[in-house]
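Heads up, the thing below is written out as structure tokens.
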Amino acid sequence: MEKLLSVVIFFLTLALVITKPKGIGIGWSAWAGALACLLFGLVSLSDVLYITKLVWDATLAFIFLIFISIILDKAGFFEWASLVAIKSARGNGFLLFLYIMLLGAFISAIFANDGTALMLTPIVYSKVKYLRLPERSVLPYIMGSGFIADTASLPLVISNLTNIITAHFFQMDFVSFALYMIFPNFVAVLVSILALYLFYRKDMIKRYDPEVFETLNPRYAVKDPIVFWTGWGVIVFLGLSFFLLSFLGWSVPFSLVLGLSALALLVSALKNKVINIRDAYRSTPWDIVFFSVGMYTVVYSLKKAGLTSLITSGIQNLYAHGELYAVLGTGFVSAFMSAVMNNLPTVMMMNLAIMDGAFPEQLKQFLALANLVGTNIGPKITPIGSLATLLWLYVLDRKGIKIGWSYYMKVGLILTPPVILFTLLAVYLSFLIFT
């Protein structure tokens with residue numbers, strides 16, 4: 001009975017989170033599911049406290065990262081970067097596509113995938129429309145921006161909320177995570193660009209008149225120079241801080257470092273008063289904190305009911321045939337689960353299953369990284385794979401670009417599997433190098 005009840009609550013909670021009936025926030029939906037689990041005795045208050053201890057730093061860190069991205073976006077940071085990339089192409093259509101993809105990969109690595117998908121895509125669209133292209137010729141740049149946002153969100157702990165949660169859960173420091181994932185991320189970006197190019201090559205423009213962008217000087221995109229240059233300082237500060245703390249072995253919360261960075265940007269914005277701080281605050285998805293605790297509680301009820309043990313057994317059976325099978329199986333299972341039931345509950349469920357498995361400790365970490373490949377890239381198969389994708393589609397619809405679910409899934413089903421496969425092979429190679 002407990003198994004059935006926990007499954008019903010899980011899927012009802014997931015349905016509320018995805019559909020958001022009457023505008024109910026995802027935090028409220030997740031907490032409704034968590035409260036139901038408590039009332040039916042599927043989890044205890046001590047379980048909720050344990051879960052809160054696991055996710056509070058990860059979610060707060062992500063919130064501060066999004067807040068930093070919003071402030072920089074309002075200061076013109078991302079628009080400036082987009083114009084530099086576009087003007088550097090100098091009339092070459094392929095270079096235009098390549099530079100936009102590389103810019104998306106860079107922003108995803110530093111400012112997380114959600115920031116890239118939701119901030120870069122509208123900017124790219126607003127600039128590319130100057131070329132007055134038909135819709136089919138705009139799609140490679142729009143779809144490419146959304147695709148690369150997720151596939152390039154592997155290199156750093158802060159590149160994705162799933163990364164932060166997993167790094168905390170398996171106690172991976174910033175440097176180790178980066179060393180393990182730098183090659184898989186390189187492969188993911190390379191294969192993504194190649195797959196996108198092959199799919200859209202007939203729709204891409206070959207040449208364009210570079211004079212179209214002559215009036216769009218990157219310098220004029222900067223609305224607040226103080227915040228703009230503080231933003232570059234924040235990037236340097238984050239890199240140095242995380243690497244130094246890892247090197248010294250100090251266990252300092254990620255949210256503290258990112259919170260100080262957000263505070264620095266906030267103070268820098270007070271000088272010119274160009275940026276409306278209240279709007280930035282309201283635009284920040286604070287309910288992610290409540291969503292993470294609530295959703296993890298619901299997922300934990302599945303573990304206590306013994307359902308995650310089924311995944312554990314499956315991975316252990318694959319491991320009996322070798323580490324490669326375990327890595328590939330973990331990645332593709334998490335990709336499928338993410339595509340059909342969203343990536344955040346998936347990463348939580350898979351992490352619990354991996355932790356309970358009888359695997360060597362080093363392999364557990366790489367299975368967790370394979371899980372991240374699946375949960376970060378797998379959501380591209382369907383629109384419901386991640387909340388960011390649903391919001392991304394909504395933002396595009398408001399811009400007049402309608403991308404139907406059938407078209408999105410057609411592109412996702414063709415492009416996503418090869419990217420996952422080659423990236424997982426890179427994870428396995430990384431495992432062989434570091435063990």
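Please note that chains go A, B, ... in the order of the structure tokens, that every chain numbers its residues from 1, and that ligands are numbered from 1 in the order shown.
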Item checked: Selection near range 388-402 of chain A, 9 Å with only C-alpha atoms, sequence-local residues under 2 positions removed, as a list in words ->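 Listing them by chain and then by number gives Ile18, Asn113, Asp114, Ala117, Leu118, Thr121, Pro122, Tyr125, Glu135, Ile142, Gly146, Pro379, Lys380, Thr382, Pro383, Ile384, Gly385, Ser386 and Gly404 of chain A.
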Could those residues be written to a file, using N, CA and C atoms, as a short mmCIF file (atom, residue, chain, number, x, y, z; two decimals), in the first residue's frame?
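Dumped to part-v4.cif:
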data_model
loop_
_atom_site.label_atom_id
_atom_site.label_comp_id
_atom_site.auth_asym_id
_atom_site.auth_seq_id
_atom_site.Cartn_x
_atom_site.Cartn_y
_atom_site.Cartn_z
N ILE A 18 4.22 20.72 -13.22
CA ILE A 18 4.36 20.95 -14.66
C ILE A 18 3.24 21.81 -15.21
N ASN A 113 22.54 26.87 -16.90
CA ASN A 113 21.79 26.65 -18.14
C ASN A 113 20.53 27.48 -18.25
N ASP A 114 19.84 27.69 -17.14
CA ASP A 114 18.59 28.45 -17.20
C ASP A 114 18.82 29.88 -17.69
N ALA A 117 19.37 29.78 -21.57
CA ALA A 117 18.16 29.50 -22.34
C ALA A 117 17.18 30.66 -22.30
N LEU A 118 17.02 31.27 -21.13
CA LEU A 118 15.97 32.29 -20.97
C LEU A 118 16.44 33.70 -21.27
N THR A 121 18.64 33.45 -25.58
CA THR A 121 17.80 33.17 -26.74
C THR A 121 17.02 34.39 -27.21
N PRO A 122 16.30 35.12 -26.33
CA PRO A 122 15.59 36.31 -26.80
C PRO A 122 16.54 37.38 -27.37
N TYR A 125 17.60 36.24 -30.83
CA TYR A 125 16.49 36.44 -31.76
C TYR A 125 16.34 37.91 -32.14
N GLU A 135 11.31 32.37 -41.18
CA GLU A 135 11.32 31.70 -39.88
C GLU A 135 12.21 30.45 -39.87
N ILE A 142 17.80 29.91 -32.86
CA ILE A 142 16.93 29.88 -31.69
C ILE A 142 16.99 28.50 -31.02
N GLY A 146 18.82 27.24 -27.26
CA GLY A 146 18.16 26.47 -26.22
C GLY A 146 18.81 25.12 -25.99
N PRO A 379 16.56 15.96 -20.91
CA PRO A 379 15.34 16.78 -20.99
C PRO A 379 15.10 17.40 -22.36
N LYS A 380 16.12 17.47 -23.22
CA LYS A 380 15.93 18.07 -24.54
C LYS A 380 15.03 17.23 -25.44
N THR A 382 11.97 16.06 -24.72
CA THR A 382 10.57 16.49 -24.62
C THR A 382 10.48 17.88 -23.98
N PRO A 383 9.41 18.62 -24.24
CA PRO A 383 9.25 19.94 -23.64
C PRO A 383 9.08 19.90 -22.12
N ILE A 384 8.58 18.78 -21.58
CA ILE A 384 8.36 18.71 -20.14
C ILE A 384 9.60 18.20 -19.39
N GLY A 385 10.70 17.97 -20.11
CA GLY A 385 11.90 17.44 -19.50
C GLY A 385 12.48 18.34 -18.43
N SER A 386 12.29 19.64 -18.59
CA SER A 386 12.76 20.59 -17.58
C SER A 386 11.81 21.78 -17.53
N GLY A 404 5.97 24.18 -31.89
CA GLY A 404 5.05 23.16 -31.41
C GLY A 404 5.77 22.01 -30.72
#
Margin query: Env of range 85-101 of chain A: 6 Å cut, atoms = only C-alpha atoms, seq-sep filter 6 positions within chain, self excluded. Answer as a VMD selection string.
Written below: chain A and resid 205 to 210
Next, write the just-selected residues to a file, as a tab-separated table (two decimals), in the first residue's frame, keeping C-alpha atoms as the atom set.
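Ended up saving to again.tsv:
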chain	number	residue	atom	x	y	z
A	205	ILE	CA	22.35	31.26	-44.26
A	206	LYS	CA	25.72	31.01	-45.99
A	207	ARG	CA	26.50	34.71	-46.15
A	208	TYR	CA	24.92	37.93	-44.95
A	209	ASP	CA	25.71	41.60	-45.24
A	210	PRO	CA	27.81	42.48	-42.14
Notebook entry, point to check: Which residues come within 7 Å of Ala353 in chain A, counting only C-alpha atoms, excluding same-chain residues fewer than 6 positions away, as a list in words?
Noted result: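 With the cut-off at 7 Å, the set is Thr308, Ser309, Ile311 and Thr312 of chain A.
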Next item on the list: Calculate how many Å separate CA of Val274 in chain A from CA of Asp73 in chain A, rounding to one decimal.
Entry: 12.1 Å
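Straight-line separation from CA of Ala61 in chain A to CA of Asn163 in chain A: 11.3 Å.
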Notebook entry, point to check: Taking only C-alpha atoms into account, which of A:Phe332, A:Tyr281, A:Tyr300, A:Tyr325 comes nearest Ile70 in chain A?
Noted result: A:Tyr281
Margin query: Just the number, please: distance in Å from CA of Ala335 in chain A to CA of Ile377 in chain A, one decimal.
Written below: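 That distance, rounded to one decimal, is 7.0 Å.
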Nearby residues (only C-alpha atoms) at most 9 Å from His168 in chain A, same-chain spacing under 5 positions excluded, as a PDB file with N, CA and C atoms, in the first residue's frame:
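Final output, result-v9.pdb:
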ATOM      1  N   LEU A  54      20.482  18.545   3.087  1.00  0.00           N
ATOM      2  CA  LEU A  54      21.124  18.142   1.831  1.00  0.00           C
ATOM      3  C   LEU A  54      21.031  19.218   0.745  1.00  0.00           C
ATOM      4  N   VAL A  55      19.878  19.891   0.677  1.00  0.00           N
ATOM      5  CA  VAL A  55      19.628  20.736  -0.500  1.00  0.00           C
ATOM      6  C   VAL A  55      19.652  22.240  -0.255  1.00  0.00           C
ATOM      7  N   ASP A  57      21.918  24.465   0.689  1.00  0.00           N
ATOM      8  CA  ASP A  57      23.035  25.206   0.101  1.00  0.00           C
ATOM      9  C   ASP A  57      22.964  25.194  -1.416  1.00  0.00           C
ATOM     10  N   ALA A  58      22.630  24.028  -1.986  1.00  0.00           N
ATOM     11  CA  ALA A  58      22.551  23.897  -3.444  1.00  0.00           C
ATOM     12  C   ALA A  58      21.508  24.845  -4.031  1.00  0.00           C
ATOM     13  N   ASN A 163      23.789  19.787 -10.959  1.00  0.00           N
ATOM     14  CA  ASN A 163      25.213  19.617 -10.623  1.00  0.00           C
ATOM     15  C   ASN A 163      25.471  19.941  -9.153  1.00  0.00           C
ATOM     16  N   ASP A 173      34.291  18.057  -4.455  1.00  0.00           N
ATOM     17  CA  ASP A 173      34.676  19.463  -4.388  1.00  0.00           C
ATOM     18  C   ASP A 173      34.709  20.066  -5.794  1.00  0.00           C
TER      19      ASP A 173
END
Margin query: Residues of range 93-306 of chain A classed as alpha helix (DSSP H) by DSSP on the backbone are to be reported as a ChimeraX atom specification.
Written below: /A:93-115,121-128,135-151,161-169,174-200,218-221,225-248,254-272,277-283,287-304
Margin query: With only C-alpha atoms as the counted atoms, please give the residues lying no more than 8 Å from range 360-366 of chain A, apart from itself and same-chain residues fewer than 4 positions off, as a PyMOL selection string.
Written below: chain A and resi 170+172+323+327+354-355+370+427-428+431+435
Restrict the selected residues to N, CA and C atoms and save them as a short mmCIF file (atom, residue, chain, number, x, y, z; two decimals), in the first residue's frame.
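Writing the result to selection.cif gives the following:
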data_model
loop_
_atom_site.label_atom_id
_atom_site.label_comp_id
_atom_site.auth_asym_id
_atom_site.auth_seq_id
_atom_site.Cartn_x
_atom_site.Cartn_y
_atom_site.Cartn_z
N PHE A 170 27.30 13.70 -3.17
CA PHE A 170 28.43 12.78 -3.25
C PHE A 170 29.75 13.41 -2.78
N MET A 172 31.63 15.95 -3.70
CA MET A 172 32.65 16.26 -4.70
C MET A 172 33.01 17.73 -4.60
N GLU A 323 32.15 -1.71 -15.92
CA GLU A 323 31.87 -0.30 -15.61
C GLU A 323 31.25 0.45 -16.78
N VAL A 327 27.90 2.80 -16.59
CA VAL A 327 27.91 4.23 -16.92
C VAL A 327 26.88 4.53 -18.01
N ILE A 354 21.90 5.33 -6.70
CA ILE A 354 23.34 5.10 -6.84
C ILE A 354 24.01 5.00 -5.47
N MET A 355 23.63 5.87 -4.56
CA MET A 355 24.22 5.87 -3.23
C MET A 355 23.98 4.54 -2.51
N ALA A 370 27.45 10.34 -14.69
CA ALA A 370 26.67 9.81 -15.82
C ALA A 370 25.20 10.17 -15.66
N VAL A 427 32.64 10.28 -20.29
CA VAL A 427 32.62 10.10 -18.83
C VAL A 427 33.36 8.81 -18.46
N TYR A 428 33.10 7.75 -19.24
CA TYR A 428 33.78 6.48 -18.97
C TYR A 428 35.29 6.62 -19.17
N PHE A 431 36.68 8.30 -16.27
CA PHE A 431 36.76 7.36 -15.16
C PHE A 431 38.05 6.53 -15.24
N THR A 435 41.05 6.82 -12.27
CA THR A 435 41.01 5.71 -11.30
C THR A 435 42.15 4.74 -11.55
#
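Take the candidates A:Phe183, A:Phe291, A:Tyr197, A:Tyr296 and check each one against Ala426 in chain A using only C-alpha atoms; the shortest distance goes to A:Phe183.
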Notebook entry, point to check: With only C-alpha atoms as the basis for distance, which of A:Ala178, A:Val299, A:Leu248, A:Leu131 is at the shortest distance from Ala34 in chain A?
Noted result: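 Closest residue, counting only C-alpha atoms: A:Val299.
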